[in-house]
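Undergrad: Input structure_20.pdb, format and content: PDB, C-alpha atoms.
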```
MODEL        1
ATOM      1  CA  MET W 123     119.102  65.419  66.909
ATOM      2  CA  THR W 124     120.338  65.025  70.453
ATOM      3  CA  THR W 125     116.767  64.746  71.697
ATOM      4  CA  GLN W 126     116.006  61.931  69.262
ATOM      5  CA  ILE W 127     119.113  60.046  70.379
ATOM      6  CA  ASN W 128     118.148  60.372  74.039
ATOM      7  CA  GLN W 129     114.634  59.091  73.338
ATOM      8  CA  LEU W 130     116.003  56.147  71.356
ATOM      9  CA  THR W 131     118.388  55.326  74.226
ATOM     10  CA  ARG W 132     115.550  55.259  76.732
ATOM     11  CA  LYS W 133     113.653  52.770  74.590
ATOM     12  CA  ILE W 134     116.615  50.487  73.912
ATOM     13  CA  ALA W 135     118.158  50.443  77.410
ATOM     14  CA  PRO W 136     115.306  48.668  79.272
ATOM     15  CA  ALA W 137     115.046  46.002  76.560
ATOM     16  CA  ALA W 138     118.781  45.402  76.653
ATOM     17  CA  VAL W 139     118.714  45.077  80.399
ATOM     18  CA  ARG W 140     115.869  42.558  80.252
ATOM     19  CA  LYS W 141     117.583  40.593  77.510
ATOM     20  CA  GLY W 142     120.909  40.430  79.309
ATOM     21  CA  ARG W 143     119.468  39.731  82.742
ATOM     22  CA  PRO W 144     120.716  36.374  83.981
ATOM     23  CA  GLY W 145     118.148  33.824  85.055
ATOM     24  CA  ARG W 146     117.940  32.747  88.656
ATOM     25  CA  GLY W 147     119.709  29.477  89.200
ATOM     26  CA  ARG W 148     119.085  26.881  91.815
ATOM     27  CA  GLY W 149     121.723  28.252  94.149
ATOM     28  CA  GLN W 150     120.505  31.855  94.011
ATOM     29  CA  ALA W 151     118.202  33.311  96.605
ATOM     30  CA  ALA W 152     114.764  34.542  95.726
ATOM     31  CA  PRO W 153     114.136  38.325  95.738
ATOM     32  CA  GLY W 154     112.874  39.680  99.003
ATOM     33  CA  ARG W 155     114.826  37.210 101.149
ATOM     34  CA  ASP W 156     118.197  37.477 102.783
ATOM     35  CA  GLY W 157     120.181  37.254  99.536
ATOM     36  CA  GLY W 158     117.662  39.065  97.307
ATOM     37  CA  SER W 159     117.094  42.674  96.403
ATOM     38  CA  GLY W 160     113.714  43.025  98.104
ATOM     39  CA  PRO W 161     113.090  44.360 101.617
ATOM     40  CA  ALA W 162     114.627  42.105 104.231
ATOM     41  CA  ARG W 163     112.441  40.849 107.032
ATOM     42  CA  GLY W 164     113.683  41.264 110.558
ATOM     43  CA  GLY W 165     114.216  38.249 112.723
ATOM     44  CA  LEU W 166     112.695  37.486 116.086
ATOM     45  CA  PRO W 167     115.190  39.645 118.100
ATOM     46  CA  VAL W 168     114.430  42.656 115.911
ATOM     47  CA  ARG W 169     110.679  42.218 116.293
ATOM     48  CA  LEU W 170     110.951  41.801 120.039
ATOM     49  CA  SER W 171     113.087  44.942 120.262
ATOM     50  CA  VAL W 172     110.539  46.942 118.274
ATOM     51  CA  LEU W 173     107.690  45.671 120.455
ATOM     52  CA  PHE W 174     109.653  46.573 123.596
ATOM     53  CA  VAL W 175     110.330  50.118 122.395
ATOM     54  CA  CYS W 176     106.685  50.568 121.402
ATOM     55  CA  ALA W 177     105.577  49.286 124.805
ATOM     56  CA  LEU W 178     107.784  51.863 126.541
ATOM     57  CA  TRP W 179     105.747  54.597 124.854
ATOM     58  CA  ILE W 180     102.290  53.044 124.711
ATOM     59  CA  VAL W 181     101.969  51.616 128.242
ATOM     60  CA  PRO W 182     102.532  54.900 130.148
ATOM     61  CA  THR W 183     100.223  56.743 127.751
ATOM     62  CA  LEU W 184      97.565  54.098 128.240
ATOM     63  CA  GLY W 185      97.928  54.493 132.007
ATOM     64  CA  VAL W 186      97.400  58.252 131.715
ATOM     65  CA  VAL W 187      94.287  57.759 129.596
ATOM     66  CA  VAL W 188      92.764  55.221 131.970
ATOM     67  CA  THR W 189      93.570  57.266 135.086
ATOM     68  CA  SER W 190      91.980  60.386 133.614
ATOM     69  CA  PHE W 191      88.608  58.570 133.561
ATOM     70  CA  ARG W 192      88.837  56.985 137.025
ATOM     71  CA  SER W 193      87.365  58.468 140.170
ATOM     72  CA  VAL W 194      89.513  59.814 142.989
ATOM     73  CA  ASP W 195      88.868  56.808 145.221
ATOM     74  CA  ASP W 196      89.646  54.289 142.505
ATOM     75  CA  ALA W 197      92.812  56.107 141.426
ATOM     76  CA  ASN W 198      94.125  56.237 145.009
ATOM     77  CA  SER W 199      93.148  52.700 145.989
ATOM     78  CA  SER W 200      94.400  50.630 143.043
ATOM     79  CA  GLY W 201      96.518  50.850 139.937
ATOM     80  CA  TRP W 202      95.074  51.621 136.528
ATOM     81  CA  TRP W 203      95.979  48.138 135.247
ATOM     82  CA  THR W 204      93.433  46.548 137.579
ATOM     83  CA  LEU W 205      90.756  47.810 135.226
ATOM     84  CA  PHE W 206      91.813  45.178 132.692
ATOM     85  CA  ALA W 207      91.912  42.442 135.340
ATOM     86  CA  HIS W 208      88.388  43.346 136.464
ATOM     87  CA  PRO W 209      86.455  44.617 133.394
ATOM     88  CA  GLY W 210      83.449  45.294 135.596
ATOM     89  CA  GLY W 211      85.162  48.506 136.643
ATOM     90  CA  LEU W 212      84.415  50.000 133.222
ATOM     91  CA  ALA W 213      81.014  51.012 134.563
ATOM     92  CA  ASP W 214      82.706  53.243 137.153
ATOM     93  CA  LEU W 215      84.594  55.329 134.607
ATOM     94  CA  THR W 216      83.622  58.991 134.559
ATOM     95  CA  THR W 217      84.433  62.249 132.790
ATOM     96  CA  GLY W 218      84.252  64.217 136.016
ATOM     97  CA  ASN W 219      88.024  64.721 136.133
ATOM     98  CA  TYR W 220      87.888  66.734 132.922
ATOM     99  CA  SER W 221      85.136  69.035 134.112
ATOM    100  CA  LYS W 222      86.916  69.587 137.451
ATOM    101  CA  ALA W 223      90.256  70.245 135.762
ATOM    102  CA  ILE W 224      88.754  72.738 133.311
ATOM    103  CA  GLU W 225      86.917  74.535 136.117
ATOM    104  CA  GLN W 226      89.665  74.599 138.748
ATOM    105  CA  ALA W 227      92.589  75.519 136.468
ATOM    106  CA  ASP W 228      90.561  77.578 133.972
ATOM    107  CA  LEU W 229      91.982  75.511 131.128
ATOM    108  CA  GLY W 230      89.894  77.410 128.593
ATOM    109  CA  SER W 231      91.763  80.677 129.182
ATOM    110  CA  ALA W 232      95.053  78.813 129.540
ATOM    111  CA  PHE W 233      94.394  77.144 126.180
ATOM    112  CA  LEU W 234      93.997  80.537 124.501
ATOM    113  CA  ASN W 235      97.152  81.778 126.231
ATOM    114  CA  SER W 236      99.081  78.815 124.835
ATOM    115  CA  VAL W 237      97.824  79.637 121.354
ATOM    116  CA  ALA W 238      98.867  83.281 121.797
ATOM    117  CA  ILE W 239     102.357  82.184 122.884
ATOM    118  CA  THR W 240     102.880  79.354 120.409
ATOM    119  CA  LEU W 241     101.840  80.884 117.092
ATOM    120  CA  PRO W 242     104.265  83.866 117.114
ATOM    121  CA  ALA W 243     107.001  81.660 118.599
ATOM    122  CA  VAL W 244     106.622  79.333 115.581
ATOM    123  CA  PHE W 245     106.158  81.737 112.668
ATOM    124  CA  LEU W 246     108.757  84.352 113.618
ATOM    125  CA  PRO W 247     111.701  81.899 113.830
ATOM    126  CA  ILE W 248     110.671  80.350 110.510
ATOM    127  CA  LEU W 249     110.575  83.760 108.844
ATOM    128  CA  ILE W 250     113.934  84.899 110.209
ATOM    129  CA  ALA W 251     115.665  81.545 109.767
ATOM    130  CA  ALA W 252     114.444  81.194 106.171
ATOM    131  CA  PHE W 253     116.129  84.482 105.229
ATOM    132  CA  ALA W 254     119.288  83.472 107.069
ATOM    133  CA  ALA W 255     119.372  80.012 105.489
ATOM    134  CA  TYR W 256     119.018  81.546 102.017
ATOM    135  CA  ALA W 257     121.935  83.891 102.712
ATOM    136  CA  PHE W 258     124.139  81.065 104.011
ATOM    137  CA  THR W 259     123.301  78.898 100.989
ATOM    138  CA  PHE W 260     123.078  81.155  97.928
ATOM    139  CA  MET W 261     124.881  84.360  98.866
ATOM    140  CA  THR W 262     128.631  84.871  99.117
ATOM    141  CA  PHE W 263     130.063  87.195 101.745
ATOM    142  CA  LYS W 264     133.112  87.331 103.952
ATOM    143  CA  GLY W 265     132.986  85.083 107.014
ATOM    144  CA  ARG W 266     129.913  83.188 105.850
ATOM    145  CA  ASP W 267     131.111  79.722 106.882
ATOM    146  CA  THR W 268     132.492  80.978 110.194
ATOM    147  CA  LEU W 269     129.252  82.734 111.057
ATOM    148  CA  PHE W 270     127.230  79.646 110.154
ATOM    149  CA  LEU W 271     129.473  77.506 112.363
ATOM    150  CA  VAL W 272     128.942  79.912 115.268
ATOM    151  CA  VAL W 273     125.152  79.801 114.818
ATOM    152  CA  VAL W 274     125.069  75.999 114.669
ATOM    153  CA  SER W 275     127.411  75.633 117.651
ATOM    154  CA  LEU W 276     124.786  77.330 119.827
ATOM    155  CA  LEU W 277     122.797  74.088 119.617
ATOM    156  CA  VAL W 278     125.068  72.534 122.250
ATOM    157  CA  VAL W 279     124.482  75.342 124.772
ATOM    158  CA  PRO W 280     121.791  74.392 127.355
ATOM    159  CA  ASN W 281     118.876  76.801 127.455
ATOM    160  CA  TYR W 282     118.852  77.191 131.208
ATOM    161  CA  VAL W 283     122.371  78.675 131.117
ATOM    162  CA  ALA W 284     120.903  81.847 129.620
ATOM    163  CA  PHE W 285     117.960  82.162 132.017
ATOM    164  CA  VAL W 286     119.575  84.469 134.576
ATOM    165  CA  PRO W 287     120.936  87.087 132.139
ATOM    166  CA  ILE W 288     117.712  87.002 130.126
ATOM    167  CA  ILE W 289     115.627  87.571 133.259
ATOM    168  CA  LYS W 290     117.795  90.570 134.132
ATOM    169  CA  LEU W 291     117.336  92.008 130.639
ATOM    170  CA  TYR W 292     113.594  91.443 130.826
ATOM    171  CA  ALA W 293     113.417  93.090 134.246
ATOM    172  CA  SER W 294     115.100  96.213 132.920
ATOM    173  CA  ALA W 295     112.667  96.281 129.977
ATOM    174  CA  HIS W 296     109.623  95.350 132.148
ATOM    175  CA  LEU W 297     108.908  92.243 130.048
ATOM    176  CA  ASN W 298     108.742  89.588 132.759
ATOM    177  CA  GLY W 299     105.349  87.920 132.971
ATOM    178  CA  THR W 300     104.278  88.961 129.447
ATOM    179  CA  PHE W 301     103.761  87.170 126.154
ATOM    180  CA  PRO W 302     106.705  88.933 124.411
ATOM    181  CA  ALA W 303     109.008  87.498 127.074
ATOM    182  CA  ALA W 304     108.042  83.966 126.057
ATOM    183  CA  TRP W 305     108.149  84.850 122.348
ATOM    184  CA  LEU W 306     111.689  86.208 122.468
ATOM    185  CA  ALA W 307     112.930  83.303 124.593
ATOM    186  CA  HIS W 308     111.514  80.635 122.285
ATOM    187  CA  ILE W 309     112.697  82.481 119.185
ATOM    188  CA  GLY W 310     116.226  82.718 120.506
ATOM    189  CA  PHE W 311     116.363  79.108 121.680
ATOM    190  CA  GLY W 312     114.926  77.730 118.429
ATOM    191  CA  MET W 313     116.796  79.873 115.925
ATOM    192  CA  SER W 314     119.930  77.718 115.683
ATOM    193  CA  MET W 315     117.946  74.575 114.908
ATOM    194  CA  ALA W 316     115.844  76.429 112.343
ATOM    195  CA  VAL W 317     118.845  77.860 110.483
ATOM    196  CA  TYR W 318     120.636  74.526 110.456
ATOM    197  CA  LEU W 319     117.609  72.544 109.235
ATOM    198  CA  LEU W 320     116.598  75.013 106.517
ATOM    199  CA  ARG W 321     120.132  75.588 105.293
ATOM    200  CA  SER W 322     120.733  71.831 105.017
ATOM    201  CA  TYR W 323     117.570  71.483 102.938
ATOM    202  CA  MET W 324     118.246  74.480 100.698
ATOM    203  CA  ALA W 325     121.697  73.122  99.909
ATOM    204  CA  THR W 326     120.006  70.166  98.170
ATOM    205  CA  LEU W 327     117.929  72.376  95.848
ATOM    206  CA  PRO W 328     119.035  72.524  92.179
ATOM    207  CA  LYS W 329     121.460  75.369  91.561
ATOM    208  CA  ASP W 330     120.385  75.627  87.909
ATOM    209  CA  VAL W 331     117.073  77.153  88.942
ATOM    210  CA  ILE W 332     118.814  79.856  90.948
ATOM    211  CA  GLU W 333     121.247  80.622  88.129
ATOM    212  CA  SER W 334     118.381  80.846  85.651
ATOM    213  CA  ALA W 335     116.628  83.330  87.901
ATOM    214  CA  LYS W 336     119.788  85.462  88.064
ATOM    215  CA  ILE W 337     120.085  85.413  84.274
ATOM    216  CA  ASP W 338     116.482  86.573  83.988
ATOM    217  CA  GLY W 339     117.302  89.512  86.251
ATOM    218  CA  ALA W 340     115.523  88.341  89.419
ATOM    219  CA  SER W 341     116.651  89.913  92.676
ATOM    220  CA  HIS W 342     117.531  87.932  95.766
ATOM    221  CA  PHE W 343     114.148  88.684  97.300
ATOM    222  CA  GLN W 344     112.290  87.585  94.173
ATOM    223  CA  THR W 345     114.346  84.383  94.001
ATOM    224  CA  PHE W 346     113.716  83.710  97.669
ATOM    225  CA  TYR W 347     109.988  84.467  97.593
ATOM    226  CA  ARG W 348     109.037  82.885  94.249
ATOM    227  CA  LEU W 349     111.438  79.916  94.064
ATOM    228  CA  ILE W 350     113.106  78.975  97.353
ATOM    229  CA  LEU W 351     110.114  79.246  99.678
ATOM    230  CA  PRO W 352     107.769  77.050  97.569
ATOM    231  CA  MET W 353     110.484  74.411  97.122
ATOM    232  CA  SER W 354     111.350  74.477 100.846
ATOM    233  CA  THR W 355     107.829  73.696 102.072
ATOM    234  CA  PRO W 356     108.760  70.239 103.516
ATOM    235  CA  ALA W 357     111.641  71.684 105.559
ATOM    236  CA  LEU W 358     109.538  74.609 106.762
ATOM    237  CA  ALA W 359     106.757  72.253 107.838
ATOM    238  CA  SER W 360     109.253  69.964 109.617
ATOM    239  CA  PHE W 361     110.642  72.781 111.717
ATOM    240  CA  ALA W 362     107.140  74.128 112.330
ATOM    241  CA  ILE W 363     106.170  70.776 113.862
ATOM    242  CA  PHE W 364     109.313  70.659 115.995
ATOM    243  CA  GLN W 365     108.892  74.222 117.230
ATOM    244  CA  PHE W 366     105.150  73.917 117.803
ATOM    245  CA  LEU W 367     105.463  70.765 119.890
ATOM    246  CA  TRP W 368     108.344  72.200 121.884
ATOM    247  CA  VAL W 369     106.663  75.529 122.636
ATOM    248  CA  TRP W 370     103.204  74.070 123.280
ATOM    249  CA  ASN W 371     104.500  71.416 125.698
ATOM    250  CA  ASP W 372     107.082  73.665 127.345
ATOM    251  CA  LEU W 373     106.838  74.156 131.096
ATOM    252  CA  LEU W 374     110.257  75.466 132.132
ATOM    253  CA  VAL W 375     110.349  78.587 129.954
ATOM    254  CA  ALA W 376     106.692  79.292 130.726
ATOM    255  CA  LEU W 377     107.289  79.098 134.479
ATOM    256  CA  VAL W 378     110.421  81.270 134.353
ATOM    257  CA  PHE W 379     109.349  84.022 131.971
ATOM    258  CA  VAL W 380     105.523  84.015 132.275
ATOM    259  CA  GLY W 381     104.663  82.239 135.536
ATOM    260  CA  PRO W 382     101.235  81.590 137.071
ATOM    261  CA  GLY W 383      98.576  84.209 136.586
ATOM    262  CA  ASP W 384      96.246  85.531 133.942
ATOM    263  CA  LYS W 385      98.730  84.835 131.139
ATOM    264  CA  GLN W 386      99.748  81.335 132.155
ATOM    265  CA  PRO W 387      99.772  78.719 129.364
ATOM    266  CA  ILE W 388      98.060  75.366 129.608
ATOM    267  CA  THR W 389     101.200  73.581 130.840
ATOM    268  CA  VAL W 390     101.487  75.867 133.873
ATOM    269  CA  ALA W 391      97.756  75.594 134.566
ATOM    270  CA  THR W 392      97.924  71.801 134.426
ATOM    271  CA  ASN W 393     100.933  71.761 136.723
ATOM    272  CA  ASN W 394      99.023  73.845 139.270
ATOM    273  CA  LEU W 395      96.385  71.104 139.552
ATOM    274  CA  LEU W 396      98.856  68.969 141.488
ATOM    275  CA  GLY W 397      98.661  69.562 145.229
ATOM    276  CA  GLN W 398     101.620  69.853 147.592
ATOM    277  CA  GLN W 399     101.021  66.368 148.976
ATOM    278  CA  GLY W 400     100.664  64.800 145.539
ATOM    279  CA  THR W 401      96.895  65.069 145.538
ATOM    280  CA  GLY W 402      94.934  65.812 142.410
ATOM    281  CA  TRP W 403      97.124  63.796 140.093
ATOM    282  CA  GLU W 404      94.052  62.304 138.432
ATOM    283  CA  LEU W 405      93.158  65.871 137.446
ATOM    284  CA  VAL W 406      96.666  66.344 136.057
ATOM    285  CA  THR W 407      96.174  63.375 133.740
ATOM    286  CA  ALA W 408      92.894  64.842 132.493
ATOM    287  CA  GLY W 409      94.470  68.251 131.932
ATOM    288  CA  GLY W 410      97.449  66.649 130.195
ATOM    289  CA  LEU W 411      95.240  64.763 127.761
ATOM    290  CA  PHE W 412      93.238  67.940 127.129
ATOM    291  CA  SER W 413      96.436  69.766 126.182
ATOM    292  CA  MET W 414      97.544  66.910 123.894
ATOM    293  CA  LEU W 415      94.665  67.328 121.444
ATOM    294  CA  VAL W 416      96.141  70.232 119.482
ATOM    295  CA  PRO W 417      99.680  68.761 119.062
ATOM    296  CA  ILE W 418      98.196  65.487 117.830
ATOM    297  CA  VAL W 419      96.075  67.281 115.235
ATOM    298  CA  VAL W 420      99.026  69.400 114.075
ATOM    299  CA  PHE W 421     101.341  66.403 113.748
ATOM    300  CA  LEU W 422      98.814  64.280 111.852
ATOM    301  CA  THR W 423      98.033  67.171 109.515
ATOM    302  CA  LEU W 424     101.674  67.933 108.632
ATOM    303  CA  GLN W 425     103.038  64.395 108.909
ATOM    304  CA  ARG W 426     103.754  63.967 105.196
ATOM    305  CA  TYR W 427     105.747  67.211 105.110
ATOM    306  CA  PHE W 428     107.542  66.152 108.269
ATOM    307  CA  VAL W 429     108.794  62.897 106.717
ATOM    308  CA  ARG W 430     109.796  64.592 103.454
ATOM    309  CA  GLY W 431     111.661  67.335 105.266
ATOM    310  CA  LEU W 432     113.681  64.897 107.389
ATOM    311  CA  THR W 433     114.559  62.491 104.577
ATOM    312  CA  SER W 434     115.358  65.074 101.899
ATOM    313  CA  GLY W 435     119.042  65.206 101.085
ATOM    314  CA  ALA W 436     119.749  61.955 102.915
ATOM    315  CA  VAL W 437     120.202  60.090  99.612
ATOM    316  CA  LYS W 438     121.766  61.709  96.579
ATOM    317  CA  GLY W 439     121.666  60.517  93.008
TER     318      GLY W 439
ENDMDL
END
```
Using structure tokens, write down the structure that the file contains.
TA:
Amino acid sequence: MTTQINQLTRKIAPAAVRKGRPGRGRGQAAPGRDGGSGPARGGLPVRLSVLFVCALWIVPTLGVVVTSFRSVDDANSSGWWTLFAHPGGLADLTTGNYSKAIEQADLGSAFLNSVAITLPAVFLPILIAAFAAYAFTFMTFKGRDTLFLVVVSLLVVPNYVAFVPIIKLYASAHLNGTFPAAWLAHIGFGMSMAVYLLRSYMATLPKDVIESAKIDGASHFQTFYRLILPMSTPALASFAIFQFLWVWNDLLVALVFVGPGDKQPITVATNNLLGQQGTGWELVTAGGLFSMLVPIVVFLTLQRYFVRGLTSGAVKG
């Protein structure tokens, strides 16, 4: 009986709303304009501000792209923007910088080293943080809120503050200059963000599903593995993008805990292309663009999960 009433209400309510909807008078604004319910259009100052912000990102990137294809003489004699003033210079563009950068810095091996460092440094924090976020959200234990506050407060601590004690610990364990040194450093530095992001997302999940699983006799692990993980895919993908981009593009942690050598990642190898007198910067641009290919592919592939993970829980109702 209750189901029939609910179905009847759904049919009647839209008709009643349409019937009682007041007509638009002469003094009322049309939808979609300033006084309407549609999306408002930004004025000239807003558009100019957006174009300015976009230019701040696009212009330097365009300069890097153009410089990576210019010869050494052209890069040292004139700015990259002169190519647009004199289009005849397009014939002088070359891919020689890429071949030199790959050969001199051995970017192929450095690329594989970056993959070996990045993948464990992304998956391990997600695995550990997902368990922790589930405990902070759906389990009750003494000191839960205090412990969560302590974990989140570590976000304000700069990473470089912990470099000296970590190096001493690694020296005693003979880990300096190895992949595990970079793994442990990135896991520790990214754990607070992972726990905070995943816990915030899990708090928006329906509690009825969890209670139903408890009634059916599911354990915490079964609830976590069969229910929470599939529903938390957007948040997991969002953090995976954050962590991947941070670890792949990291130079400071790689220099401190891995350093130059056979295990150097692509960021360290690209940095070594720059000479002491500032020479070889056209090779640095080529190496930088070479290292950007993987992050771009990862971001474009997981973009829809990234947006869903960031916007989930922002609006309730």
Undergrad: Carefully work through the PyMOL selection byres ((chain W and resi 279-289) around 10) for this structure and note down the residues it includes, as an MDAnalysis selection string.
TA: chainID W and resid 275:278 290:298 303 306:308 310:312 374:375 378:379
Undergrad: Env of W:Phe366: 7 Å cut, atoms = all atoms listed in the file, seq-sep filter 4 positions within chain, self excluded. Answer as a ChimeraX atom specification.
TA: /W:240,244,362,370
Undergrad: May I have the residues from that selection written out with C-alpha atoms, as an mmCIF file, in the frame of the given file?
TA:
```cif
data_model
loop_
_atom_site.group_PDB
_atom_site.id
_atom_site.type_symbol
_atom_site.label_atom_id
_atom_site.label_comp_id
_atom_site.auth_asym_id
_atom_site.auth_seq_id
_atom_site.Cartn_x
_atom_site.Cartn_y
_atom_site.Cartn_z
ATOM 1 C CA THR W 240 102.880 79.354 120.409
ATOM 2 C CA VAL W 244 106.622 79.333 115.581
ATOM 3 C CA ALA W 362 107.140 74.128 112.330
ATOM 4 C CA TRP W 370 103.204 74.070 123.280
#
```
Undergrad: What separation in Å, quoted to one decimal, exists between atom CA of W:Asp196 and atom CA of W:Leu184?
TA: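 Taking atom CA of W:Asp196 and atom CA of W:Leu184, their separation equals 16.3 Å.
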Undergrad: Return the padded bounding box of stretch 248-256 of chain W as JSON: axis-aligned, built from all atoms listed in the file, 4 Å added on each side, with centre and edge lengths in Å to one decimal.
TA:
```
{"center_x": 115.0, "center_y": 82.5, "center_z": 106.3, "size_x": 16.8, "size_y": 12.9, "size_z": 16.5}
```
Undergrad: Starting from the shown file, work through the PyMOL selection byres ((chain W and resi 326-329) around 9) and note down what comes out as JSON, numbers by chain.
TA: {"W": [260, 321, 322, 323, 324, 325, 330, 331, 332, 333, 334, 350, 353, 354, 434, 435, 438]}
Undergrad: Those residues with C-alpha atoms, as a short mmCIF file (atom, residue, chain, number, x, y, z; two decimals), in the frame of the given file please?
TA:
```
data_model
loop_
_atom_site.label_atom_id
_atom_site.label_comp_id
_atom_site.auth_asym_id
_atom_site.auth_seq_id
_atom_site.Cartn_x
_atom_site.Cartn_y
_atom_site.Cartn_z
CA PHE W 260 123.08 81.16 97.93
CA ARG W 321 120.13 75.59 105.29
CA SER W 322 120.73 71.83 105.02
CA TYR W 323 117.57 71.48 102.94
CA MET W 324 118.25 74.48 100.70
CA ALA W 325 121.70 73.12 99.91
CA ASP W 330 120.38 75.63 87.91
CA VAL W 331 117.07 77.15 88.94
CA ILE W 332 118.81 79.86 90.95
CA GLU W 333 121.25 80.62 88.13
CA SER W 334 118.38 80.85 85.65
CA ILE W 350 113.11 78.97 97.35
CA MET W 353 110.48 74.41 97.12
CA SER W 354 111.35 74.48 100.85
CA SER W 434 115.36 65.07 101.90
CA GLY W 435 119.04 65.21 101.08
CA LYS W 438 121.77 61.71 96.58
#
```
Undergrad: Find the residues near W:Ser231: any atom within 9 Å, counting all atoms listed in the file, skip ones fewer than 2 places away on the same chain, and give them as an NGL selection string.
TA: :W and (227-229 or 233-236 or 384-388)
Undergrad: Using all atoms listed in the file, which of the listed residues (W:Ala304, W:Ile224, W:Ile363, W:Ala197) sits closest to W:Gly410?
TA: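 For W:Gly410, the nearest of the given residues is W:Ile224.
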Undergrad: Tell me which protein, DNA and RNA residues are within 12 Å of W:Asp267, counting only C-alpha atoms, leaving out same-chain ones fewer than 6 positions away, and put them as an MDAnalysis selection string.
TA: chainID W and resid 255 257:259 261 273:274 321
Undergrad: In Å, how far is it from atom CA of W:Pro417 to atom CA of W:Asn371?
TA: 8.6 Å
Undergrad: One number please: atom CA of W:Ile309 to atom CA of W:Gly230, in Å, one decimal.
TA: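 Straight-line distance from atom CA of W:Ile309 to atom CA of W:Gly230 works out to 25.2 Å.
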Undergrad: Check the smallest atom-to-atom distance from each of W:Met315, W:Phe174, W:Ala357, W:Gly299 to W:Gly381 using all atoms listed in the file, then report the winner.
TA: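 Checking each of W:Met315, W:Phe174, W:Ala357, W:Gly299 against W:Gly381, counting all atoms listed in the file, the winner is W:Gly299.
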Undergrad: Evaluate the PyMOL selection byres ((chain W and resi 252) around 9) against this structure - the residues, as an MDAnalysis selection string, please.
TA: chainID W and resid 247:251 253:257 316:317 320:321 346 351 358
Undergrad: Smallest atom-to-atom distance to W:Leu395: which of W:Lys222, W:Arg192, W:His208, W:Arg169, using all atoms listed in the file?
TA: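 For W:Leu395, the nearest of the candidates is W:Lys222.
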Undergrad: Between W:Ser193, W:Thr392, W:Leu269, W:Phe361, which has the minimum distance to W:Gly409 (counting all atoms listed in the file)?
TA: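 Closest to W:Gly409 of all the choices is W:Thr392.
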Undergrad: Kindly indicate which residue among W:Gln226, W:Val188, W:Asn219, W:Gly339 lies nearest to W:Leu205, using only C-alpha atoms for the distances.
TA: W:Val188
Undergrad: Of the candidates W:Glu404, W:Phe245, W:Leu367, W:Pro356, which one gets nearest to W:Arg426 if we count all atoms listed in the file?
TA: W:Pro356
